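Note: the block below is run19.cif and it holds mmCIF, C-alpha atoms.
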```
data_query
#
loop_
_atom_site.label_atom_id
_atom_site.label_comp_id
_atom_site.auth_asym_id
_atom_site.auth_seq_id
_atom_site.Cartn_x
_atom_site.Cartn_y
_atom_site.Cartn_z
CA MET E 1 0.00 0.00 0.00
CA PHE E 2 2.82 2.46 0.83
CA ARG E 3 5.52 1.17 -1.54
CA SER E 4 6.13 4.59 -3.16
CA LEU E 5 7.29 5.91 0.22
CA ALA E 6 10.39 3.71 -0.14
CA ILE E 7 11.57 6.27 -2.72
CA ARG E 8 13.33 9.10 -0.89
CA ASN E 9 12.31 11.92 -3.21
CA TYR E 10 8.65 10.93 -3.12
CA ARG E 11 8.79 10.46 0.66
CA LEU E 12 9.94 14.08 1.04
CA PHE E 13 7.23 15.27 -1.35
CA ALA E 14 4.47 13.27 0.37
CA ALA E 15 5.44 14.49 3.84
CA GLY E 16 5.20 18.09 2.69
CA GLN E 17 1.85 17.43 1.01
CA VAL E 18 0.30 16.05 4.20
CA VAL E 19 1.12 19.28 6.02
CA SER E 20 0.26 21.60 3.13
CA ASN E 21 -3.06 19.93 2.25
CA SER E 22 -4.29 20.40 5.80
CA GLY E 23 -3.23 24.04 5.67
CA THR E 24 -4.95 24.55 2.30
CA TRP E 25 -8.26 23.19 3.62
CA MET E 26 -7.87 25.39 6.71
CA GLN E 27 -7.49 28.41 4.44
CA ARG E 28 -10.58 27.46 2.40
CA VAL E 29 -12.70 27.53 5.53
CA ALA E 30 -11.04 30.74 6.79
CA GLN E 31 -11.52 32.47 3.43
CA ASP E 32 -15.23 31.62 3.31
CA TRP E 33 -15.70 32.79 6.88
CA LEU E 34 -13.76 36.02 6.25
CA VAL E 35 -15.87 36.84 3.17
CA LEU E 36 -19.08 36.26 5.12
CA GLN E 37 -17.86 38.51 7.93
CA LEU E 38 -16.74 41.31 5.63
CA SER E 39 -19.83 41.18 3.39
CA GLY E 40 -22.45 40.91 6.09
CA GLY E 41 -23.24 37.28 5.27
CA SER E 42 -23.64 37.73 1.50
CA GLY E 43 -23.96 34.48 -0.43
CA VAL E 44 -23.26 36.35 -3.65
CA ALA E 45 -19.93 37.62 -2.28
CA LEU E 46 -19.03 34.09 -1.18
CA GLY E 47 -19.86 32.66 -4.61
CA LEU E 48 -17.91 35.42 -6.37
CA ALA E 49 -14.77 34.71 -4.34
CA THR E 50 -14.97 31.02 -5.27
CA ALA E 51 -15.63 31.84 -8.93
CA LEU E 52 -12.68 34.23 -9.13
CA GLN E 53 -10.37 31.57 -7.73
CA PHE E 54 -11.43 29.14 -10.47
CA LEU E 55 -11.74 31.62 -13.36
CA PRO E 56 -8.02 31.54 -14.30
CA MET E 57 -8.26 27.76 -14.82
CA LEU E 58 -11.02 28.31 -17.39
CA LEU E 59 -9.13 31.12 -19.12
CA PHE E 60 -5.54 29.89 -19.04
CA GLY E 61 -5.65 26.20 -18.01
CA LEU E 62 -4.51 24.86 -21.39
CA TRP E 63 -1.62 27.31 -21.53
CA GLY E 64 -0.50 26.18 -18.07
CA GLY E 65 -0.08 22.61 -19.33
CA THR E 66 2.02 23.83 -22.25
CA LEU E 67 4.31 25.71 -19.86
CA VAL E 68 4.72 22.60 -17.71
CA ASP E 69 5.83 20.55 -20.72
CA ARG E 70 8.49 23.17 -21.54
CA LEU E 71 10.06 23.78 -18.10
CA PRO E 72 11.72 21.70 -15.33
CA LYS E 73 8.87 20.61 -13.08
CA ARG E 74 10.75 20.66 -9.76
CA GLY E 75 11.88 24.26 -10.27
CA LEU E 76 8.39 25.21 -11.42
CA LEU E 77 6.85 23.73 -8.27
CA ILE E 78 9.30 25.57 -6.03
CA ALA E 79 8.18 28.82 -7.67
CA THR E 80 4.42 28.10 -7.52
CA GLN E 81 4.45 26.80 -3.94
CA ALA E 82 6.46 29.83 -2.79
CA ALA E 83 4.00 32.14 -4.55
CA MET E 84 1.05 30.43 -2.83
CA GLY E 85 2.75 30.86 0.53
CA VAL E 86 3.34 34.57 -0.11
CA LEU E 87 -0.32 35.09 -1.10
CA ALA E 88 -1.56 33.31 2.04
CA ALA E 89 0.77 35.40 4.18
CA GLY E 90 -0.33 38.66 2.53
CA LEU E 91 -4.04 38.05 3.10
CA GLY E 92 -3.27 36.77 6.60
CA VAL E 93 -1.48 40.00 7.53
CA LEU E 94 -4.37 42.13 6.23
CA ALA E 95 -6.96 40.06 8.07
CA THR E 96 -4.96 39.96 11.32
CA LEU E 97 -4.49 43.74 11.29
CA GLY E 98 -8.21 44.25 10.62
CA ALA E 99 -7.47 45.99 7.31
CA ALA E 100 -8.92 43.35 4.98
CA GLN E 101 -11.82 44.26 2.71
CA VAL E 102 -13.91 42.06 0.44
CA TRP E 103 -12.14 43.25 -2.69
CA HIS E 104 -8.81 42.22 -1.14
CA VAL E 105 -10.09 38.66 -0.86
CA TYR E 106 -11.24 38.80 -4.50
CA VAL E 107 -7.78 39.92 -5.67
CA PHE E 108 -5.96 37.28 -3.65
CA ALA E 109 -8.40 34.57 -4.78
CA PHE E 110 -7.84 35.45 -8.45
CA ALA E 111 -4.06 35.57 -7.96
CA LEU E 112 -4.14 32.17 -6.27
CA GLY E 113 -6.12 30.85 -9.23
CA LEU E 114 -3.45 32.14 -11.62
CA VAL E 115 -0.73 30.26 -9.74
CA THR E 116 -2.88 27.11 -9.66
CA VAL E 117 -3.05 27.16 -13.48
CA VAL E 118 0.60 26.08 -13.51
CA ASP E 119 0.83 24.34 -10.14
CA ASN E 120 -1.90 21.75 -10.82
CA PRO E 121 -0.45 20.12 -13.97
CA ALA E 122 3.09 20.51 -12.60
CA ARG E 123 2.24 18.57 -9.42
CA GLN E 124 0.33 15.91 -11.37
CA THR E 125 3.14 15.25 -13.83
CA PHE E 126 6.03 15.60 -11.37
CA VAL E 127 4.88 12.46 -9.55
CA VAL E 128 5.93 10.16 -12.40
CA GLU E 129 9.41 11.75 -12.41
CA MET E 130 9.80 10.81 -8.74
CA VAL E 131 8.42 7.24 -8.81
CA GLY E 132 8.41 6.10 -12.46
CA ASP E 133 5.64 4.46 -14.44
CA ARG E 134 5.53 1.30 -12.31
CA ASP E 135 4.66 3.00 -9.02
CA LEU E 136 2.66 5.90 -10.46
CA PRO E 137 -0.80 4.42 -9.63
CA ASN E 138 0.32 3.88 -6.03
CA ALA E 139 1.72 7.41 -5.72
CA VAL E 140 -1.43 8.96 -7.25
CA ALA E 141 -3.56 7.06 -4.73
CA LEU E 142 -1.36 8.14 -1.81
CA ASN E 143 -1.59 11.77 -3.00
CA SER E 144 -5.37 11.42 -3.00
CA ALA E 145 -5.25 9.94 0.51
CA SER E 146 -3.19 12.91 1.66
CA PHE E 147 -5.70 15.30 0.09
CA GLN E 148 -8.62 13.53 1.78
CA PHE E 149 -6.82 13.53 5.14
CA GLY E 150 -6.42 17.30 4.81
CA ARG E 151 -10.09 17.53 3.87
CA VAL E 152 -11.04 15.81 7.13
CA ALA E 153 -8.50 17.45 9.46
CA GLY E 154 -8.17 20.93 7.96
CA PRO E 155 -11.75 22.23 8.36
CA ALA E 156 -12.02 20.78 11.88
CA ILE E 157 -8.80 22.50 12.99
CA ALA E 158 -9.75 25.72 11.20
CA GLY E 159 -13.12 25.86 12.96
CA LEU E 160 -11.47 25.67 16.37
CA LEU E 161 -8.76 28.21 15.48
CA ILE E 162 -11.16 30.73 13.95
CA ALA E 163 -13.27 30.61 17.10
CA ALA E 164 -10.19 31.07 19.29
CA ILE E 165 -7.94 33.50 17.39
CA GLY E 166 -9.81 34.64 14.25
CA SER E 167 -9.42 34.06 10.51
CA GLY E 168 -6.22 36.04 9.96
CA PRO E 169 -3.83 33.76 11.86
CA VAL E 170 -5.25 30.73 10.02
CA PHE E 171 -4.01 32.23 6.73
CA LEU E 172 -0.58 32.74 8.33
CA ILE E 173 -0.51 29.12 9.51
CA ASN E 174 -1.28 27.99 5.97
CA ALA E 175 1.53 30.21 4.67
CA ALA E 176 3.92 28.48 7.07
CA SER E 177 2.70 25.05 5.90
CA PHE E 178 4.18 25.69 2.45
CA LEU E 179 7.63 25.61 4.05
CA ALA E 180 7.18 21.85 4.45
CA VAL E 181 6.63 21.43 0.70
CA LEU E 182 9.45 23.79 -0.23
CA GLY E 183 11.80 22.04 2.18
CA GLY E 184 10.96 18.66 0.67
CA LEU E 185 11.49 19.92 -2.88
CA TRP E 186 14.78 21.56 -1.92
CA LEU E 187 16.15 18.41 -0.20
CA MET E 188 15.41 16.11 -3.15
CA ARG E 189 18.24 14.45 -5.03
CA PRO E 190 17.89 15.63 -8.66
CA GLY E 191 20.02 12.74 -9.91
CA GLU E 192 17.37 10.26 -8.70
CA LEU E 193 14.57 11.89 -10.70
CA ASP E 194 13.50 10.33 -13.99
CA VAL E 195 13.21 13.72 -15.67
CA THR E 196 10.90 13.83 -18.68
CA GLU E 197 12.48 15.29 -21.80
CA ARG E 198 11.20 18.83 -22.18
CA ALA E 199 9.11 19.75 -25.19
CA PRO E 200 10.89 22.36 -27.36
CA ARG E 201 9.18 25.71 -27.67
CA THR E 202 7.26 25.72 -30.94
CA LYS E 203 4.29 27.57 -32.34
CA GLY E 204 0.86 26.08 -31.66
CA GLN E 205 1.92 23.76 -28.82
CA THR E 206 -1.29 24.29 -26.84
CA MET E 207 -3.51 23.35 -29.79
CA GLU E 208 -1.18 20.42 -30.48
CA GLY E 209 -2.19 19.06 -27.07
CA VAL E 210 -5.88 19.50 -27.90
CA ARG E 211 -5.47 17.74 -31.25
CA TYR E 212 -3.58 14.92 -29.56
CA VAL E 213 -6.46 14.29 -27.14
CA LEU E 214 -9.05 14.53 -29.94
CA SER E 215 -7.11 11.93 -31.93
CA ARG E 216 -7.56 9.45 -29.06
CA PRO E 217 -11.19 8.21 -28.96
CA ASP E 218 -10.56 6.46 -25.64
CA LEU E 219 -9.46 9.71 -23.95
CA VAL E 220 -12.34 11.67 -25.48
CA LEU E 221 -14.91 9.16 -24.24
CA LEU E 222 -13.41 9.14 -20.75
CA LEU E 223 -13.51 12.95 -20.68
CA VAL E 224 -17.17 12.93 -21.76
CA MET E 225 -17.98 10.48 -18.97
CA THR E 226 -16.04 12.62 -16.49
CA ILE E 227 -18.06 15.70 -17.46
CA PHE E 228 -21.36 14.08 -16.49
CA VAL E 229 -20.11 12.24 -13.40
CA GLN E 230 -18.36 15.34 -12.09
CA MET E 231 -21.24 17.66 -12.93
CA PHE E 232 -23.33 15.92 -10.28
CA GLY E 233 -20.61 14.21 -8.24
CA ALA E 234 -18.49 17.28 -7.57
CA ASN E 235 -21.56 18.99 -6.11
CA VAL E 236 -22.54 16.12 -3.83
CA GLN E 237 -21.46 18.28 -0.87
CA ASN E 238 -24.32 20.67 -1.65
CA GLN E 239 -26.70 17.73 -1.98
CA ILE E 240 -25.58 16.39 1.40
CA ALA E 241 -26.40 19.77 2.98
CA LEU E 242 -29.85 19.79 1.38
CA MET E 243 -30.58 16.19 2.45
CA ALA E 244 -29.44 16.83 6.02
CA ASN E 245 -31.37 20.08 6.41
CA ASN E 246 -34.50 19.62 4.26
CA VAL E 247 -35.13 15.87 4.32
CA PHE E 248 -33.84 14.61 7.66
CA GLU E 249 -34.22 18.03 9.35
CA THR E 250 -30.97 17.75 11.30
CA GLY E 251 -28.63 20.52 12.45
CA ALA E 252 -25.20 21.73 11.46
CA ALA E 253 -23.45 19.05 13.51
CA ALA E 254 -25.27 16.29 11.62
CA PHE E 255 -24.36 17.93 8.30
CA GLY E 256 -20.71 17.99 9.38
CA THR E 257 -20.89 14.30 10.29
CA ALA E 258 -22.36 13.43 6.89
CA ALA E 259 -19.70 15.44 5.06
CA ALA E 260 -16.99 13.78 7.16
CA ALA E 261 -18.45 10.35 6.32
CA LEU E 262 -17.98 11.02 2.61
CA ALA E 263 -14.41 12.21 3.25
CA VAL E 264 -13.60 9.16 5.39
CA GLY E 265 -14.91 6.89 2.62
CA ALA E 266 -12.78 8.76 0.08
CA LEU E 267 -9.72 8.39 2.31
CA ALA E 268 -10.36 4.65 2.62
CA GLY E 269 -10.90 4.41 -1.15
CA ALA E 270 -7.58 6.13 -1.82
CA LEU E 271 -5.72 3.74 0.49
CA ILE E 272 -7.41 0.73 -1.15
CA ALA E 273 -6.43 2.11 -4.56
CA ALA E 274 -2.82 2.35 -3.38
CA ARG E 275 -2.67 -1.47 -3.21
CA ARG E 276 -3.34 -1.90 -6.93
CA GLU E 277 -0.42 -2.48 -9.27
CA ARG E 278 -1.81 -0.88 -12.44
CA PRO E 279 -4.91 1.12 -13.33
CA ARG E 280 -7.37 -0.75 -15.52
CA LEU E 281 -10.02 0.77 -17.72
CA ARG E 282 -12.70 -1.49 -16.29
CA LEU E 283 -11.82 -0.19 -12.81
CA VAL E 284 -12.40 3.39 -13.98
CA LEU E 285 -15.78 2.40 -15.40
CA SER E 286 -16.73 0.23 -12.40
CA GLY E 287 -15.90 3.04 -9.95
CA ALA E 288 -17.98 5.58 -11.89
CA LEU E 289 -20.86 3.12 -12.20
CA ALA E 290 -20.80 2.27 -8.48
CA PHE E 291 -20.73 5.97 -7.60
CA GLY E 292 -23.86 6.61 -9.68
CA VAL E 293 -25.67 3.61 -8.16
CA LEU E 294 -24.77 4.74 -4.64
CA GLN E 295 -26.13 8.21 -5.34
CA GLY E 296 -29.45 6.53 -6.02
CA VAL E 297 -29.14 4.41 -2.88
CA SER E 298 -28.40 7.45 -0.70
CA ALA E 299 -31.32 9.32 -2.26
CA ALA E 300 -33.64 6.51 -1.16
CA ALA E 301 -32.12 6.17 2.34
CA PRO E 302 -34.99 5.74 4.85
CA SER E 303 -33.11 7.37 7.73
CA TYR E 304 -30.17 9.65 8.48
CA GLY E 305 -28.08 6.70 9.70
CA TRP E 306 -28.54 4.76 6.45
CA PHE E 307 -27.76 7.96 4.51
CA VAL E 308 -24.43 8.40 6.32
CA ALA E 309 -23.55 4.73 5.77
CA ALA E 310 -24.24 5.08 2.03
CA LEU E 311 -21.99 8.16 1.90
CA VAL E 312 -19.01 6.21 3.25
CA VAL E 313 -19.30 3.60 0.48
CA MET E 314 -19.95 6.38 -2.06
CA GLY E 315 -16.65 7.98 -1.05
CA VAL E 316 -14.83 4.69 -1.69
CA ALA E 317 -16.42 4.36 -5.14
CA PHE E 318 -15.68 7.97 -6.12
CA MET E 319 -12.03 7.66 -5.12
CA THR E 320 -11.71 4.38 -7.04
CA PHE E 321 -12.96 6.22 -10.12
CA THR E 322 -10.80 9.33 -9.76
CA THR E 323 -7.48 7.68 -8.83
CA SER E 324 -7.79 5.10 -11.63
CA LEU E 325 -8.78 7.81 -14.12
CA ASN E 326 -5.84 10.04 -13.20
CA ALA E 327 -3.29 7.23 -13.50
CA THR E 328 -4.85 6.02 -16.77
CA PHE E 329 -4.47 9.45 -18.35
CA GLN E 330 -0.85 9.84 -17.24
CA LEU E 331 0.30 6.37 -18.27
CA SER E 332 -1.47 6.21 -21.63
CA VAL E 333 -0.02 9.35 -23.23
CA GLU E 334 3.35 10.39 -24.63
CA PRO E 335 5.63 11.75 -21.86
CA GLN E 336 6.24 15.03 -23.74
CA MET E 337 2.47 15.56 -24.01
CA ARG E 338 1.72 14.72 -20.38
CA GLY E 339 1.55 18.31 -19.08
CA ARG E 340 -0.84 19.44 -21.81
CA VAL E 341 -3.02 16.34 -21.53
CA MET E 342 -3.25 16.67 -17.74
CA SER E 343 -4.15 20.35 -18.04
CA ILE E 344 -7.09 19.34 -20.28
CA TYR E 345 -7.99 16.61 -17.81
CA MET E 346 -7.90 19.04 -14.85
CA LEU E 347 -9.88 21.64 -16.81
CA VAL E 348 -12.65 19.11 -17.44
CA PHE E 349 -12.43 17.54 -13.99
CA LEU E 350 -12.70 20.86 -12.17
CA GLY E 351 -14.51 22.96 -14.77
CA VAL E 352 -17.90 21.30 -14.76
CA SER E 353 -18.49 21.83 -11.03
CA PRO E 354 -19.65 25.48 -11.37
CA ILE E 355 -21.96 24.40 -14.22
CA GLY E 356 -23.44 21.54 -12.24
CA ALA E 357 -24.07 23.51 -9.04
CA PRO E 358 -27.07 25.53 -10.32
CA ILE E 359 -28.50 22.42 -12.03
CA VAL E 360 -28.35 20.49 -8.77
CA GLY E 361 -29.89 23.44 -6.93
CA PHE E 362 -32.72 23.80 -9.45
CA LEU E 363 -33.60 20.11 -9.29
CA ALA E 364 -33.58 20.20 -5.50
CA ASP E 365 -35.82 23.30 -5.36
CA ALA E 366 -38.23 21.99 -7.99
CA PHE E 367 -38.48 18.31 -7.06
CA GLY E 368 -36.75 17.92 -3.70
CA PRO E 369 -33.23 16.88 -2.61
CA ARG E 370 -33.97 13.15 -3.02
CA ALA E 371 -34.93 13.67 -6.65
CA SER E 372 -31.84 15.82 -7.28
CA LEU E 373 -29.53 13.14 -5.86
CA GLY E 374 -31.39 10.33 -7.65
CA VAL E 375 -31.35 12.08 -11.03
CA GLY E 376 -27.62 12.69 -10.70
CA GLY E 377 -27.04 9.02 -10.02
CA ALA E 378 -29.25 7.94 -12.92
CA VAL E 379 -27.41 10.24 -15.33
CA SER E 380 -24.04 8.87 -14.19
CA VAL E 381 -25.16 5.25 -14.62
CA LEU E 382 -26.59 5.93 -18.09
CA VAL E 383 -23.50 7.78 -19.31
CA VAL E 384 -21.12 5.11 -17.97
CA ALA E 385 -23.15 2.42 -19.76
CA VAL E 386 -23.07 4.29 -23.08
CA VAL E 387 -19.36 5.12 -22.79
CA SER E 388 -18.56 1.50 -21.91
CA VAL E 389 -20.23 0.28 -25.12
CA LEU E 390 -18.49 2.91 -27.25
CA LEU E 391 -15.11 2.18 -25.65
CA ALA E 392 -15.54 -1.53 -26.29
CA ARG E 393 -16.21 -0.82 -29.96
CA SER E 394 -13.33 1.64 -30.22
CA LEU E 395 -10.83 -0.76 -28.61
CA ARG E 396 -12.39 -3.81 -30.35
CA VAL E 397 -13.00 -5.77 -27.17
CA ARG E 398 -15.93 -7.76 -25.81
CA VAL E 399 -17.14 -6.90 -22.31
CA ARG E 400 -19.21 -9.52 -20.45
CA PRO E 401 -20.51 -9.71 -16.87
CA SER E 402 -19.14 -12.49 -14.67
CA PRO E 403 -20.48 -14.02 -11.42
CA ARG E 404 -16.96 -13.99 -9.95
CA ARG E 405 -14.43 -11.25 -9.33
CA PRO E 406 -13.66 -8.94 -11.02
CA PHE E 407 -17.30 -9.40 -12.19
CA VAL E 408 -16.40 -8.15 -15.68
CA ARG E 409 -14.56 -10.13 -18.34
CA VAL E 410 -12.78 -8.36 -21.19
CA SER E 411 -11.53 -10.20 -24.26
CA ALA E 412 -10.25 -9.16 -27.68
CA LEU E 413 -12.57 -9.53 -30.66
CA PRO E 414 -11.32 -11.62 -33.62
CA ALA E 415 -9.29 -9.66 -36.14
CA ARG E 416 -11.17 -8.35 -39.12
CA ALA E 417 -10.43 -9.96 -42.46
CA GLY E 418 -7.39 -8.25 -43.91
CA GLY E 419 -6.92 -6.14 -40.79
CA THR E 420 -5.24 -6.35 -37.42
CA GLY E 421 -6.53 -7.57 -34.11
CA GLY E 422 -7.95 -5.46 -31.33
CA SER E 423 -5.78 -3.82 -28.72
CA GLY E 424 -7.22 -6.02 -25.93
#
```
So, in terms of structure tokens, how does the structure I just supplied come out?
Amino acid sequence: MFRSLAIRNYRLFAAGQVVSNSGTWMQRVAQDWLVLQLSGGSGVALGLATALQFLPMLLFGLWGGTLVDRLPKRGLLIATQAAMGVLAAGLGVLATLGAAQVWHVYVFAFALGLVTVVDNPARQTFVVEMVGDRDLPNAVALNSASFQFGRVAGPAIAGLLIAAIGSGPVFLINAASFLAVLGGLWLMRPGELDVTERAPRTKGQTMEGVRYVLSRPDLVLLLVMTIFVQMFGANVQNQIALMANNVFETGAAAFGTAAAALAVGALAGALIAARRERPRLRLVLSGALAFGVLQGVSAAAPSYGWFVAALVVMGVAFMTFTTSLNATFQLSVEPQMRGRVMSIYMLVFLGVSPIGAPIVGFLADAFGPRASLGVGGAVSVLVVAVVSVLLARSLRVRVRPSPRRPFVRVSALPARAGGTGGSG
């Protein structure tokens, strides 16, 4: 499960990520709370701050991947992580001194989004340079586990600190957490990195990445599936809040427990994924399918207790899908295209969430939270089924259910007359 930690460079990186991820989730809570305080509880102001932080990814995400393919990834990460630390410190000083205004938060959120445009694909693609192709699935899963640990611990710590010392110092603590990442990057042994050959600077490199993805039907179909699963799956946190408040009529503590249940399931799913040797396409599809089915199960939960139990298993399924999908994208593309492909992947993976949020909200208002959650699950199941059929045709394989594990059998179709066999 933890075999990648035997590699010194990755061990340094992972240790820094555990600290930094917790700090990042602390800052997310502190930023939301600061905006609400400064705006008099405005939901519009809160939504605008979130939108501004993501806007640079929509505008410049593809360019960020191109830059990552051109430059040394370790040096790039040192620069981006240092910039994030400086931004956290700057907003922390303003908030601690009582000088922060809403527009300050907007500016810092947008600046953080600009840095993330480069940091996201750089972090994703740097992993393979540390651990190699063989251990990449394990390292991706451990990164996800670290992220989920921060998701559980960070908000809980932030809530206590904000109540005790205010939002400002929480930003400063997050700024200090970046020192762990920077220290790990600085102490790495460059000679032990399997550095990917940099792509030479040429005209039209960004569109070259787009054309490369479009020339791969398997990647296109997986991206289409991701759009629909993420559109409803990425907003499951909002659906949990609506179910807890409107259906089961529980308080804030119960909502926090439900959200933590999903995060605990995701953490468990990431650790389970770390045991797998290689990502398999059927695992990506099975994880997405199980996630959609479990959305339907949670929508029909007769009580709050059954709802929380379903969320734990849903977290496992979602993490199975996302970790396998990430590793599949990285291992199935040309190394020199990896930064651009992962920037497209991250753009799709993160970009549909703002689109899905109002759809989820409309369905919940019009038909109730159960219907909203159930419809999301039904859409995911339908899309996964369609994509599975199209992928089987594209790869010329036969997919059949099986009564025994892994419950799905995949075999190559006979070669066409005068042609070549399927890829298997």
Item to check | Reference answer for the PyMOL selection byres ((chain E and resi 300-306) around 10), as a ChimeraX atom specification | outcome: /E:243-244,247-250,254,258,294-299,307-311,370-371,373-374
Go ahead and write the residues just picked, C-alpha atoms, as a short mmCIF file (atom, residue, chain, number, x, y, z; two decimals), keeping the file's coordinate frame.
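File written: selection.cif
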```
data_model
loop_
_atom_site.label_atom_id
_atom_site.label_comp_id
_atom_site.auth_asym_id
_atom_site.auth_seq_id
_atom_site.Cartn_x
_atom_site.Cartn_y
_atom_site.Cartn_z
CA MET E 243 -30.58 16.19 2.45
CA ALA E 244 -29.44 16.83 6.02
CA VAL E 247 -35.13 15.87 4.32
CA PHE E 248 -33.84 14.61 7.66
CA GLU E 249 -34.22 18.03 9.35
CA THR E 250 -30.97 17.75 11.30
CA ALA E 254 -25.27 16.29 11.62
CA ALA E 258 -22.36 13.43 6.89
CA LEU E 294 -24.77 4.74 -4.64
CA GLN E 295 -26.13 8.21 -5.34
CA GLY E 296 -29.45 6.53 -6.02
CA VAL E 297 -29.14 4.41 -2.88
CA SER E 298 -28.40 7.45 -0.70
CA ALA E 299 -31.32 9.32 -2.26
CA PHE E 307 -27.76 7.96 4.51
CA VAL E 308 -24.43 8.40 6.32
CA ALA E 309 -23.55 4.73 5.77
CA ALA E 310 -24.24 5.08 2.03
CA LEU E 311 -21.99 8.16 1.90
CA ARG E 370 -33.97 13.15 -3.02
CA ALA E 371 -34.93 13.67 -6.65
CA LEU E 373 -29.53 13.14 -5.86
CA GLY E 374 -31.39 10.33 -7.65
#
```
Checklist entry - Can you tell me, as a PyMOL selection string, which residues sit within 12 Å of (-25.8, 2.6, -17.2) in the file's frame, using all atoms listed in the file? => result chain E and resi 225+229+285-286+288-293+377-389
Next on the checklist: Would you compute the distance between atom CA of Ser42 of chain E and atom CA of Val352 of chain E? Give it in Å to one decimal.
Outcome noted: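 It comes out at 23.8 Å.
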Near segment 330-347 of chain E, 12 Å: segment 235-297 of chain E residue rows, closest pairs, only C-alpha atoms, as JSON lines:
```
{"residue": "E:Arg278", "atom": "CA", "partner": "E:Leu331", "partner_atom": "CA", "distance": 9.5}
{"residue": "E:Pro279", "atom": "CA", "partner": "E:Leu331", "partner_atom": "CA", "distance": 8.9}
{"residue": "E:Arg280", "atom": "CA", "partner": "E:Leu331", "partner_atom": "CA", "distance": 10.8}
{"residue": "E:Leu281", "atom": "CA", "partner": "E:Ser332", "partner_atom": "CA", "distance": 10.9}
```
Next on the checklist: Which residues would end up in the selection if the PyMOL selection byres ((chain E and resi 14) around 10) were applied here, given that I need the answer as a list in words?
Outcome noted: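 With the PyMOL selection byres ((chain E and resi 14) around 10) on this model, the match is Ser4, Leu5, Arg8, Asn9, Tyr10, Arg11, Leu12, Phe13, Ala15, Gly16, Gln17, Val18, Val19, Ser20, Val127, Ala139, Leu142, Asn143, Ser146, Ala180, Val181 and Gly184 of chain E.
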Checklist entry - Which residues, written as a list in words, have at least one atom at most 7 Å from Pro155 of chain E, with all atoms listed in the file counted and residues fewer than 4 positions away on the same chain left out? => result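 Within the cut-off, the hits are Trp25, Met26, Val29, Arg151 and Gly159 of chain E.
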Output C-alpha atoms of each residue in that selection to a file, as a CSV table (one decimal), in the coordinates of the input.
```csv
chain,number,residue,atom,x,y,z
E,25,TRP,CA,-8.3,23.2,3.6
E,26,MET,CA,-7.9,25.4,6.7
E,29,VAL,CA,-12.7,27.5,5.5
E,151,ARG,CA,-10.1,17.5,3.9
E,159,GLY,CA,-13.1,25.9,13.0
```
Item to check | Residues within 8 Å of (-14.2, 7.2, 2.9), counting all atoms listed in the file, listed as a list in words | outcome: Ala261, Leu262, Ala263, Val264, Gly265, Ala266, Leu267, Ala268, Gly269, Leu311, Val312, Val313, Met314, Gly315 and Val316 of chain E
Just the selected residues (C-alpha atoms), exported as a PDB file, keeping the file's coordinate frame, please.
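The resulting result.pdb:
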```pdb
ATOM      1  CA  ALA E 261     -18.450  10.350   6.320  1.00  0.00           C
ATOM      2  CA  LEU E 262     -17.980  11.020   2.610  1.00  0.00           C
ATOM      3  CA  ALA E 263     -14.410  12.210   3.250  1.00  0.00           C
ATOM      4  CA  VAL E 264     -13.600   9.160   5.390  1.00  0.00           C
ATOM      5  CA  GLY E 265     -14.910   6.890   2.620  1.00  0.00           C
ATOM      6  CA  ALA E 266     -12.780   8.760   0.080  1.00  0.00           C
ATOM      7  CA  LEU E 267      -9.720   8.390   2.310  1.00  0.00           C
ATOM      8  CA  ALA E 268     -10.360   4.650   2.620  1.00  0.00           C
ATOM      9  CA  GLY E 269     -10.900   4.410  -1.150  1.00  0.00           C
ATOM     10  CA  LEU E 311     -21.990   8.160   1.900  1.00  0.00           C
ATOM     11  CA  VAL E 312     -19.010   6.210   3.250  1.00  0.00           C
ATOM     12  CA  VAL E 313     -19.300   3.600   0.480  1.00  0.00           C
ATOM     13  CA  MET E 314     -19.950   6.380  -2.060  1.00  0.00           C
ATOM     14  CA  GLY E 315     -16.650   7.980  -1.050  1.00  0.00           C
ATOM     15  CA  VAL E 316     -14.830   4.690  -1.690  1.00  0.00           C
TER      16      VAL E 316
END
```
Checklist entry - Hey, which of E:Ser324, E:Thr206, E:Gln239, E:Thr196 ends up closest to Thr125 of chain E? Count all atoms listed in the file. => result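 Selected residue with least distance to Thr125 of chain E: E:Thr196.
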